[in-house]
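K.L.:
See model.tsv below, with TSV, C-alpha atoms and all ligand atoms.
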chain	number	residue	atom	x	y	z
G	9	MET	CA	-15.30	-29.01	-9.19
G	10	THR	CA	-16.94	-31.06	-6.38
G	11	PRO	CA	-14.39	-33.52	-4.99
G	12	PRO	CA	-15.38	-37.12	-4.21
G	13	ARG	CA	-16.55	-37.62	-0.63
G	14	ARG	CA	-13.78	-38.57	1.72
G	15	SER	CA	-13.34	-38.65	5.45
G	16	PRO	CA	-12.93	-35.17	7.02
G	17	LEU	CA	-9.46	-36.06	8.24
G	18	LEU	CA	-8.35	-37.15	4.78
G	19	ARG	CA	-9.75	-33.98	3.25
G	20	ALA	CA	-7.96	-31.82	5.76
G	21	THR	CA	-4.69	-33.68	5.20
G	22	THR	CA	-5.01	-33.14	1.49
G	23	VAL	CA	-5.59	-29.42	1.95
G	24	VAL	CA	-2.56	-29.07	4.20
G	25	ALA	CA	-0.42	-31.11	1.82
G	26	ALA	CA	-1.47	-28.90	-1.06
G	27	VAL	CA	-0.91	-25.62	0.78
G	28	VAL	CA	2.53	-26.36	2.23
G	29	PRO	CA	4.48	-26.75	-1.03
G	30	LEU	CA	2.70	-23.71	-2.42
G	31	CYS	CA	3.75	-21.58	0.52
G	32	THR	CA	7.29	-22.90	0.43
G	33	ALA	CA	7.61	-22.22	-3.26
G	34	GLY	CA	6.30	-18.69	-2.81
G	35	TRP	CA	8.54	-18.02	0.13
G	36	LEU	CA	11.63	-19.27	-1.64
G	37	GLY	CA	10.69	-17.17	-4.62
G	38	TRP	CA	10.59	-14.01	-2.56
G	39	ARG	CA	13.74	-14.89	-0.63
G	40	ALA	CA	15.51	-15.25	-3.93
G	41	LEU	CA	14.73	-11.57	-4.50
G	42	ASP	CA	16.88	-10.73	-1.48
G	43	ASP	CA	14.05	-9.88	0.84
G	44	PRO	CA	15.52	-8.31	3.97
G	45	ALA	CA	12.38	-8.66	6.07
G	46	PRO	CA	12.78	-10.73	9.24
G	47	THR	CA	9.55	-12.67	8.79
G	48	PRO	CA	8.41	-12.60	5.18
G	49	THR	CA	4.72	-13.09	4.60
G	50	PRO	CA	4.46	-13.71	0.87
G	51	ALA	CA	1.22	-12.89	-0.81
G	52	ALA	CA	0.91	-16.47	-2.02
G	53	ALA	CA	0.75	-17.70	1.56
G	54	VAL	CA	-1.81	-15.11	2.57
G	55	ARG	CA	-4.00	-15.85	-0.40
G	56	SER	CA	-3.86	-19.61	-0.06
G	57	ALA	CA	-4.39	-19.54	3.71
G	58	ALA	CA	-7.58	-17.51	3.62
G	59	PRO	CA	-9.84	-19.75	1.53
G	60	ALA	CA	-8.41	-22.92	3.08
G	61	ALA	CA	-9.35	-21.98	6.63
G	62	PRO	CA	-13.08	-22.73	6.65
G	63	VAL	CA	-12.58	-26.02	4.78
G	64	GLU	CA	-10.18	-27.26	7.40
G	65	THR	CA	-11.82	-26.05	10.59
G	66	THR	CA	-15.40	-27.18	9.98
G	67	PRO	CA	-14.93	-30.93	9.59
G	68	LEU	CA	-12.03	-31.14	12.02
G	69	SER	CA	-13.47	-29.40	15.07
G	70	PRO	CA	-15.25	-32.34	16.76
G	71	PRO	CA	-12.59	-35.09	16.50
G	72	VAL	CA	-9.46	-33.05	17.29
G	73	ALA	CA	-7.31	-34.98	19.73
G	74	ALA	CA	-6.11	-32.05	21.80
G	75	ALA	CA	-9.09	-31.49	24.12
G	76	PRO	CA	-11.40	-34.47	23.75
G	77	THR	CA	-13.06	-34.41	27.18
G	78	ALA	CA	-13.17	-30.78	28.29
G	79	THR	CA	-16.46	-29.65	26.75
G	80	PRO	CA	-18.96	-32.01	25.16
G	81	THR	CA	-20.50	-29.18	23.13
G	82	PRO	CA	-18.18	-28.31	20.26
G	83	THR	CA	-17.72	-24.63	19.53
G	84	PRO	CA	-20.56	-23.91	17.10
G	85	THR	CA	-19.18	-21.13	14.93
G	86	PRO	CA	-15.64	-21.39	13.61
G	87	THR	CA	-14.79	-17.69	13.70
G	88	PRO	CA	-12.49	-16.87	10.80
G	89	THR	CA	-9.18	-15.56	12.09
G	90	THR	CA	-8.30	-13.75	8.90
G	91	ALA	CA	-8.08	-9.97	9.10
G	92	PRO	CA	-10.03	-6.84	9.98
G	93	THR	CA	-10.69	-6.52	6.28
G	94	THR	CA	-14.45	-6.85	6.12
G	95	ALA	CA	-15.88	-4.89	9.03
G	96	PRO	CA	-16.80	-1.28	8.18
G	97	THR	CA	-14.75	0.18	10.98
G	98	LEU	CA	-13.97	3.54	9.44
G	99	ALA	CA	-17.31	5.33	9.60
G	100	GLY	CA	-16.79	9.00	10.33
G	101	ARG	CA	-13.14	8.95	9.26
G	102	THR	CA	-11.76	10.77	6.24
G	103	VAL	CA	-8.77	9.69	4.18
G	104	LEU	CA	-6.99	11.84	1.62
G	105	LEU	CA	-5.33	9.87	-1.17
G	106	ASP	CA	-2.81	11.72	-3.30
G	107	PRO	CA	-2.11	9.93	-6.61
G	108	GLY	CA	1.33	11.22	-7.55
G	109	HIS	CA	1.62	13.34	-10.73
G	110	ASN	CA	-1.11	13.46	-13.38
G	111	PRO	CA	-1.36	11.69	-16.74
G	112	GLY	CA	-1.91	15.10	-18.34
G	113	ASN	CA	1.26	16.72	-16.94
G	114	VAL	CA	3.24	15.73	-20.05
G	115	GLN	CA	1.13	18.12	-22.12
G	116	HIS	CA	1.50	21.00	-19.66
G	117	PRO	CA	5.22	21.67	-19.12
G	118	THR	CA	4.78	25.41	-18.53
G	119	GLU	CA	2.19	24.97	-15.80
G	120	ILE	CA	3.98	22.17	-13.96
G	121	ASN	CA	7.46	23.72	-14.18
G	122	ARG	CA	6.34	26.84	-12.35
G	123	GLN	CA	8.15	27.13	-9.00
G	124	VAL	CA	6.17	26.97	-5.78
G	125	ASP	CA	7.12	27.70	-2.16
G	126	ILE	CA	7.61	24.56	-0.05
G	127	GLY	CA	8.72	26.37	3.11
G	128	ASN	CA	12.43	25.58	3.10
G	129	GLY	CA	12.87	26.28	-0.60
G	130	ARG	CA	11.19	26.36	-3.96
G	131	LYS	CA	10.29	23.48	-6.21
G	132	GLU	CA	8.49	22.66	-9.44
G	133	CYS	CA	4.71	22.78	-9.12
G	134	ASP	CA	4.58	19.13	-10.21
G	135	THR	CA	6.52	16.68	-12.39
G	136	THR	CA	5.61	14.19	-15.07
G	137	GLY	CA	6.78	11.23	-13.01
G	138	THR	CA	8.51	8.16	-14.40
G	139	GLU	CA	7.36	5.22	-16.51
G	140	THR	CA	8.27	1.62	-17.25
G	141	ASN	CA	10.54	0.83	-20.19
G	142	ALA	CA	7.39	-0.28	-22.01
G	143	GLY	CA	5.77	3.14	-21.46
G	144	TYR	CA	3.34	2.47	-18.60
G	145	SER	CA	3.38	5.79	-16.79
G	146	GLU	CA	3.70	6.39	-13.09
G	147	ALA	CA	0.73	8.76	-13.26
G	148	GLU	CA	-1.50	6.01	-14.65
G	149	TYR	CA	-0.22	3.63	-11.99
G	150	THR	CA	-0.78	5.98	-9.05
G	151	LEU	CA	-4.30	6.84	-10.16
G	152	ASP	CA	-5.26	3.20	-10.62
G	153	VAL	CA	-3.90	2.09	-7.24
G	154	SER	CA	-5.48	5.08	-5.49
G	155	ARG	CA	-8.87	4.29	-6.98
G	156	ARG	CA	-8.56	0.67	-5.90
G	157	ALA	CA	-7.58	1.75	-2.38
G	158	ARG	CA	-10.51	4.17	-2.33
G	159	ALA	CA	-12.92	1.34	-3.14
G	160	ILE	CA	-11.60	-0.78	-0.26
G	161	LEU	CA	-11.64	2.07	2.25
G	162	THR	CA	-15.07	3.27	1.17
G	163	ALA	CA	-16.42	-0.25	1.70
G	164	ARG	CA	-15.07	-0.02	5.24
G	165	GLY	CA	-17.05	3.13	5.86
G	166	ALA	CA	-14.42	5.82	5.31
G	167	THR	CA	-14.90	9.01	3.35
G	168	VAL	CA	-12.14	9.07	0.75
G	169	VAL	CA	-11.04	12.17	-1.12
G	170	LEU	CA	-8.64	12.01	-4.06
G	171	VAL	CA	-6.41	15.01	-4.72
G	172	GLN	CA	-6.93	14.39	-8.41
G	173	ASP	CA	-9.09	11.73	-10.02
G	174	GLY	CA	-8.11	12.10	-13.67
G	175	ASP	CA	-10.55	15.00	-13.65
G	176	ARG	CA	-8.17	17.87	-14.32
G	177	PRO	CA	-5.71	18.50	-17.17
G	178	TRP	CA	-2.58	18.74	-15.00
G	179	GLY	CA	-1.32	18.88	-11.40
G	180	PRO	CA	-2.29	20.02	-8.87
G	181	CYS	CA	0.92	21.62	-7.62
G	182	VAL	CA	2.64	20.00	-4.65
G	183	ASP	CA	1.67	22.83	-2.26
G	184	GLU	CA	-1.97	22.38	-3.19
G	185	ARG	CA	-1.62	18.62	-2.72
G	186	ALA	CA	-0.28	19.30	0.76
G	187	ARG	CA	-3.10	21.67	1.65
G	188	ALA	CA	-5.72	19.22	0.41
G	189	GLY	CA	-5.54	17.13	3.58
G	190	ALA	CA	-6.63	19.97	5.83
G	191	GLU	CA	-9.16	21.21	3.30
G	192	ALA	CA	-10.80	17.77	3.21
G	193	HIS	CA	-10.70	17.65	7.04
G	194	ALA	CA	-8.84	14.37	6.57
G	195	ASP	CA	-7.61	12.33	9.51
G	196	VAL	CA	-4.71	11.06	7.45
G	197	ALA	CA	-3.18	11.41	3.99
G	198	LEU	CA	-1.10	9.17	1.76
G	199	SER	CA	0.65	9.86	-1.52
G	200	VAL	CA	1.07	7.00	-4.00
G	201	HIS	CA	4.11	6.88	-6.29
G	202	GLY	CA	6.29	4.57	-8.34
G	203	ASP	CA	10.00	5.27	-8.37
G	204	GLY	CA	12.33	5.87	-11.30
G	205	GLY	CA	15.51	4.42	-9.80
G	206	PRO	CA	18.46	2.63	-11.41
G	207	GLY	CA	17.35	-0.35	-13.53
G	208	SER	CA	19.31	-2.77	-11.36
G	209	GLY	CA	17.48	-1.81	-8.15
G	210	SER	CA	14.10	-3.07	-6.98
G	211	GLY	CA	11.73	-2.95	-4.06
G	212	PHE	CA	9.45	-0.44	-2.35
G	213	HIS	CA	10.05	2.24	0.24
G	214	VAL	CA	8.05	4.59	2.41
G	215	ILE	CA	8.94	8.27	2.77
G	216	MET	CA	8.13	10.00	6.04
G	217	PRO	CA	8.34	13.74	6.79
G	218	ALA	CA	11.39	15.18	8.49
G	219	LYS	CA	10.54	18.05	10.82
G	220	VAL	CA	10.54	21.24	8.78
G	221	VAL	CA	9.97	24.61	10.43
G	222	ALA	CA	10.88	27.18	7.80
G	223	GLY	CA	9.01	29.92	6.02
G	224	LYS	CA	5.40	28.89	5.73
G	225	ALA	CA	6.18	25.28	6.66
G	226	ASP	CA	5.75	23.89	10.15
G	227	ASN	CA	4.98	20.20	10.14
G	228	SER	CA	6.12	19.50	13.74
G	229	ALA	CA	2.70	18.22	14.72
G	230	ILE	CA	2.57	15.54	12.02
G	231	VAL	CA	6.07	14.05	12.32
G	232	GLU	CA	5.31	11.52	15.05
G	233	PRO	CA	1.92	10.26	13.76
G	234	SER	CA	3.31	10.15	10.21
G	235	HIS	CA	6.16	7.97	11.45
G	236	ARG	CA	3.64	5.62	13.03
G	237	LEU	CA	1.73	5.47	9.75
G	238	GLY	CA	4.99	4.86	7.88
G	239	LEU	CA	5.83	1.80	9.96
G	240	LEU	CA	2.34	0.38	9.50
G	241	LEU	CA	2.50	1.02	5.77
G	242	ARG	CA	5.85	-0.74	5.43
G	243	GLU	CA	4.45	-3.76	7.27
G	244	ARG	CA	1.07	-3.99	5.53
G	245	PHE	CA	2.31	-3.23	2.02
G	246	HIS	CA	4.97	-5.89	2.30
G	247	ALA	CA	2.45	-8.40	3.67
G	248	ALA	CA	-0.07	-7.72	0.91
G	249	THR	CA	2.32	-7.67	-2.06
G	250	GLY	CA	5.41	-9.65	-1.05
G	251	GLU	CA	7.40	-6.77	-2.52
G	252	PRO	CA	10.83	-6.55	-0.84
G	253	TYR	CA	12.22	-3.39	0.72
G	254	ALA	CA	14.11	-1.26	-1.79
G	255	ASP	CA	17.69	-2.45	-2.25
G	256	TYR	CA	18.90	0.71	-4.01
G	257	THR	CA	17.68	3.52	-1.72
G	258	ALA	CA	16.26	4.24	1.75
G	259	SER	CA	17.06	1.95	4.67
G	260	GLU	CA	15.01	-1.15	5.41
G	261	GLY	CA	12.22	0.32	3.31
G	262	LEU	CA	12.10	3.64	5.16
G	263	ASP	CA	13.27	7.11	4.26
G	264	THR	CA	12.79	10.53	5.89
G	265	ARG	CA	12.90	13.63	3.71
G	266	SER	CA	12.66	17.38	4.07
G	267	ASP	CA	12.56	18.28	0.36
G	268	LEU	CA	9.01	17.27	-0.47
G	269	GLY	CA	6.41	20.02	-0.45
G	270	GLY	CA	3.68	17.44	0.00
G	271	LEU	CA	5.14	16.53	3.39
G	272	ASN	CA	6.62	19.88	4.48
G	273	LEU	CA	3.31	21.68	4.12
G	274	SER	CA	0.86	19.02	5.24
G	275	ALA	CA	-1.21	19.76	8.32
G	276	VAL	CA	-2.43	16.17	8.59
G	277	PRO	CA	-0.27	13.05	9.09
G	278	LYS	CA	1.04	12.02	5.69
G	279	VAL	CA	3.53	9.68	4.07
G	280	PHE	CA	4.56	8.78	0.54
G	281	ILE	CA	4.98	5.28	-0.77
G	282	GLU	CA	7.21	4.44	-3.73
G	283	CYS	CA	5.53	1.12	-4.52
G	284	GLY	CA	8.39	-0.20	-6.64
G	285	ASN	CA	11.01	0.85	-9.16
G	286	MET	CA	9.30	1.24	-12.53
G	287	ARG	CA	12.69	1.20	-14.32
G	288	ASN	CA	13.42	-2.29	-12.98
G	289	SER	CA	12.04	-5.12	-15.13
G	290	THR	CA	10.84	-7.27	-12.20
G	291	ASP	CA	9.05	-4.40	-10.48
G	292	ALA	CA	7.69	-3.12	-13.80
G	293	LYS	CA	6.14	-6.50	-14.51
G	294	ARG	CA	4.40	-6.47	-11.13
G	295	MET	CA	3.24	-2.87	-11.32
G	296	THR	CA	1.80	-3.42	-14.80
G	297	ASP	CA	-0.27	-6.35	-13.53
G	298	PRO	CA	-3.76	-5.29	-12.33
G	299	GLN	CA	-3.83	-8.16	-9.85
G	300	TRP	CA	-0.65	-6.93	-8.21
G	301	ARG	CA	-2.00	-3.39	-8.16
G	302	GLN	CA	-5.01	-4.70	-6.28
G	303	GLN	CA	-2.65	-6.21	-3.70
G	304	ALA	CA	-0.80	-2.90	-3.51
G	305	ALA	CA	-4.09	-1.10	-2.89
G	306	GLN	CA	-4.98	-3.69	-0.27
G	307	GLY	CA	-1.72	-3.09	1.59
G	308	ILE	CA	-2.24	0.66	1.49
G	309	ALA	CA	-5.86	0.39	2.65
G	310	ASP	CA	-4.92	-2.04	5.42
G	311	ALA	CA	-2.21	0.30	6.69
G	312	LEU	CA	-4.59	3.27	6.75
G	313	THR	CA	-7.22	1.14	8.47
G	314	ALA	CA	-4.73	-0.01	11.10
G	315	TYR	CA	-3.61	3.58	11.64
G	316	LEU	CA	-7.14	4.94	11.97
G	317	THR	CA	-8.36	2.19	14.27
G	318	SER	CA	-5.40	2.59	16.59
G	319	SER	CA	-5.49	6.38	16.86
Y	1	ZN	ZN	6.42	10.08	-8.25
Hey, can you dump this file as structure tokens for me?
Ligand code: ZN

P.N.:
Amino acid sequence: MTPPRRSPLLRATTVVAAVVPLCTAGWLGWRALDDPAPTPTPAAAVRSAAPAAPVETTPLSPPVAAAPTATPTPTPTPTPTTAPTTAPTLAGRTVLLDPGHNPGNVQHPTEINRQVDIGNGRKECDTTGTETNAGYSEAEYTLDVSRRARAILTARGATVVLVQDGDRPWGPCVDERARAGAEAHADVALSVHGDGGPGSGSGFHVIMPAKVVAGKADNSAIVEPSHRLGLLLRERFHAATGEPYADYTASEGLDTRSDLGGLNLSAVPKVFIECGNMRNSTDAKRMTDPQWRQQAAQGIADALTAYLTSS
């Protein structure tokens, strides 16, 4: 694995030469998927840039041509410019993660079909969710990604509460999921889903709460902060996964809805993410891949971190 010794400049040139075609290939790959984002940041570029940085900066810093005379003492520590991913900045903050559905819902149709009050109407307590054509269920997906996101956020110092952790036979109902944020004294909440759209459509989208003041629902206070979280989530999820915005629903990856109990009844800022379309073969392949799910969790954790450190 150790390369033969070469001059620092030569080594740096080799690194750059190796990274550029990789990035280009990745970028073209994502563009081919009709990515509508103005400045795509494919995961391949992010991944390859991070480990390359220290290799390049260390040997190059003294002989760089740009400022040869200004300061004789070269800057001693090449501070990595990567991301606020390592610092435990979330101490004292609480995040509620809501893994959509429950793997056990399939066995409990009576319980989950019961109607519950969502303020402006009534809706099923919970649903089974969708699955890929190969049978990988949305409920398994949402639980796995939520657990991965919990690990990242916990490492950053946050207290993370899961609405369900595979520790109950079904549900909970959507109204209970909504209440869970306040009950956990959470600063923010996020519900993880995978969509069951038309097989020809792909991409992810974020669902933000519309203002609902009806019956027992009044989410006026969370609309604005949830919108802010939604924009951050769209940005960070796309950056971490390279997943394009949905081309079959929502608009530029964003939707606003008033028919979701989980948003109507939440007292803490909350959004949903539909990470991809599980009925689409390209998205299904990604969502079935544990490595991609880790990237999805990273995007979700980064968005929550950005939200919490800017509020
Ligand atoms: Zn769902």

K.L.:
Within 12 Å of ligand ZN 1 (chain Y), counting all atoms listed in the file: which residues, as a ChimeraX atom specification?

P.N.:
/G:106-111,134-139,145-151,182,199-205,215,268,270,280-286

K.L.:
Have a look at G:Glu132, G:Asp255, G:Glu184, G:Asp152 and name the one nearest to Gln299 in chain G; count all atoms listed in the file.

P.N.:
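Comparing G:Glu132, G:Asp255, G:Glu184, G:Asp152 against Gln299 in chain G, the winner is G:Asp152.
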
K.L.:
Could I get the residues of range 173-213 of chain G with an atom no further than 10 Å from an atom of range 302-315 of chain G, each paired with its nearest atom pair and that distance in Å to one decimal, using only C-alpha atoms, sorted by chain and residue number, as CSV?

P.N.:
residue,atom,partner,partner_atom,distance
G:Asp195,CA,G:Tyr315,CA,9.9
G:Val196,CA,G:Leu312,CA,7.8
G:Ala197,CA,G:Leu312,CA,8.7
G:Leu198,CA,G:Leu312,CA,8.5
G:Val200,CA,G:Ile308,CA,9.0

K.L.:
Give the answer as one residue: which of G:Ile126, G:Leu105, G:Ala222, G:Ala275 has the shortest atom-to-atom distance to Ala159 in chain G, using all atoms listed in the file?

P.N.:
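Of all the options, G:Leu105 lies closest to Ala159 in chain G.
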
K.L.:
If I take CA of Lys224 in chain G and CA of Glu119 in chain G, how far is one from the other in Å, to one decimal?

P.N.:
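Straight-line distance from CA of Lys224 in chain G to CA of Glu119 in chain G works out to 22.1 Å.
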
K.L.:
Using all atoms listed in the file, which of G:Leu273, G:Ala248, G:Leu170, G:Ala190 sits nearest Asn227 in chain G?

P.N.:
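Of G:Leu273, G:Ala248, G:Leu170, G:Ala190, the one nearest Asn227 in chain G is G:Leu273, counting all atoms listed in the file.
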
K.L.:
Any idea what's packed within 10 Å of Thr162 in chain G, counting only C-alpha atoms, ignoring anything in its chain fewer than 6 positions away? Could you give it as a list in words?

P.N.:
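Once the adjacent positions are removed, what remains is Pro96, Leu98, Ala99, Thr102, Val103, Arg156, Val168 and Ala309 of chain G.
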
K.L.:
Between G:Leu237, G:Val114, G:Ala157, G:Ala254, which residue has the minimum interatomic distance to Pro177 in chain G, considering only C-alpha atoms?

P.N.:
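Closest residue, counting only C-alpha atoms: G:Val114.
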
K.L.:
Identify the residues within 12 Å of coordinate (4.8, 8.1, 15.7) (same frame as the file), considering only C-alpha atoms, and give the answer as a PDB file with C-alpha atoms, in the coordinates of the input.

P.N.:
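Wrote out_36.pdb, looks like this:
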ATOM      1  CA  MET G 216       8.130  10.000   6.040  1.00  0.00           C
ATOM      2  CA  PRO G 217       8.340  13.740   6.790  1.00  0.00           C
ATOM      3  CA  SER G 228       6.120  19.500  13.740  1.00  0.00           C
ATOM      4  CA  ALA G 229       2.700  18.220  14.720  1.00  0.00           C
ATOM      5  CA  ILE G 230       2.570  15.540  12.020  1.00  0.00           C
ATOM      6  CA  VAL G 231       6.070  14.050  12.320  1.00  0.00           C
ATOM      7  CA  GLU G 232       5.310  11.520  15.050  1.00  0.00           C
ATOM      8  CA  PRO G 233       1.920  10.260  13.760  1.00  0.00           C
ATOM      9  CA  SER G 234       3.310  10.150  10.210  1.00  0.00           C
ATOM     10  CA  HIS G 235       6.160   7.970  11.450  1.00  0.00           C
ATOM     11  CA  ARG G 236       3.640   5.620  13.030  1.00  0.00           C
ATOM     12  CA  LEU G 237       1.730   5.470   9.750  1.00  0.00           C
ATOM     13  CA  GLY G 238       4.990   4.860   7.880  1.00  0.00           C
ATOM     14  CA  LEU G 239       5.830   1.800   9.960  1.00  0.00           C
ATOM     15  CA  LEU G 240       2.340   0.380   9.500  1.00  0.00           C
ATOM     16  CA  PRO G 277      -0.270  13.050   9.090  1.00  0.00           C
ATOM     17  CA  LYS G 278       1.040  12.020   5.690  1.00  0.00           C
ATOM     18  CA  VAL G 279       3.530   9.680   4.070  1.00  0.00           C
ATOM     19  CA  TYR G 315      -3.610   3.580  11.640  1.00  0.00           C
ATOM     20  CA  SER G 318      -5.400   2.590  16.590  1.00  0.00           C
ATOM     21  CA  SER G 319      -5.490   6.380  16.860  1.00  0.00           C
TER      22      SER G 319
END

K.L.:
Rank G:Leu161, G:Val276, G:Ala142, G:Ile120 by their smallest atom-to-atom distance to Ala192 in chain G, using only C-alpha atoms, and report the top residue only.

P.N.:
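Residue with the minimum atom-to-atom distance to Ala192 in chain G: G:Val276.
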
K.L.:
Grab the CA of Gly223 in chain G to CA of Asp183 in chain G distance for me, in Å with one decimal place.

P.N.:
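It comes out at 13.1 Å.
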
K.L.:
I need the residue nearest Phe212 in chain G from this list: G:Ser274, G:Thr249, G:Thr317, G:Gln172. Use all atoms listed in the file for the distance.

P.N.:
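Checking each candidate against Phe212 in chain G, we get G:Thr249 as the closest.
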
K.L.:
What is the CA of Ala194 in chain G to CA of Arg158 in chain G distance in Å?

P.N.:
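One can read the CA of Ala194 in chain G to CA of Arg158 in chain G distance as 13.6 Å.
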
K.L.:
Output file request: range 285-297 of chain G, with N, CA, C and O atoms, as a tab-separated table (two decimals), in the first residue's frame.

P.N.:
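Saved as decode.tsv:
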chain	number	residue	atom	x	y	z
G	285	ASN	N	-37.91	6.61	-4.06
G	285	ASN	CA	-39.11	5.88	-4.44
G	285	ASN	C	-38.79	4.38	-4.48
G	285	ASN	O	-38.10	3.91	-5.39
G	286	MET	N	-39.29	3.67	-3.49
G	286	MET	CA	-38.92	2.25	-3.37
G	286	MET	C	-39.46	1.40	-4.51
G	286	MET	O	-38.99	0.28	-4.73
G	287	ARG	N	-40.43	1.92	-5.28
G	287	ARG	CA	-40.98	1.16	-6.42
G	287	ARG	C	-40.17	1.40	-7.69
G	287	ARG	O	-40.47	0.82	-8.73
G	288	ASN	N	-39.19	2.28	-7.61
G	288	ASN	CA	-38.33	2.56	-8.77
G	288	ASN	C	-37.05	1.74	-8.64
G	288	ASN	O	-36.43	1.72	-7.57
G	289	SER	N	-36.63	1.08	-9.71
G	289	SER	CA	-35.52	0.13	-9.59
G	289	SER	C	-34.21	0.81	-9.19
G	289	SER	O	-33.44	0.27	-8.40
G	290	THR	N	-33.96	2.01	-9.71
G	290	THR	CA	-32.71	2.72	-9.37
G	290	THR	C	-32.70	3.10	-7.90
G	290	THR	O	-31.72	2.86	-7.18
G	291	ASP	N	-33.79	3.70	-7.44
G	291	ASP	CA	-33.87	4.09	-6.03
G	291	ASP	C	-33.85	2.86	-5.12
G	291	ASP	O	-33.22	2.87	-4.06
G	292	ALA	N	-34.55	1.81	-5.54
G	292	ALA	CA	-34.61	0.60	-4.72
G	292	ALA	C	-33.21	0.02	-4.51
G	292	ALA	O	-32.86	-0.42	-3.42
G	293	LYS	N	-32.42	0.05	-5.58
G	293	LYS	CA	-31.05	-0.48	-5.48
G	293	LYS	C	-30.25	0.33	-4.46
G	293	LYS	O	-29.53	-0.23	-3.63
G	294	ARG	N	-30.40	1.63	-4.50
G	294	ARG	CA	-29.69	2.49	-3.53
G	294	ARG	C	-30.18	2.21	-2.11
G	294	ARG	O	-29.38	2.03	-1.19
G	295	MET	N	-31.49	2.22	-1.94
G	295	MET	CA	-32.04	2.13	-0.59
G	295	MET	C	-31.79	0.76	0.05
G	295	MET	O	-31.79	0.64	1.28
G	296	THR	N	-31.55	-0.24	-0.78
G	296	THR	CA	-31.24	-1.57	-0.28
G	296	THR	C	-29.78	-1.70	0.14
G	296	THR	O	-29.41	-2.62	0.85
G	297	ASP	N	-28.97	-0.74	-0.31
G	297	ASP	CA	-27.52	-0.80	-0.06
G	297	ASP	C	-27.20	-0.13	1.29
G	297	ASP	O	-27.44	1.06	1.47
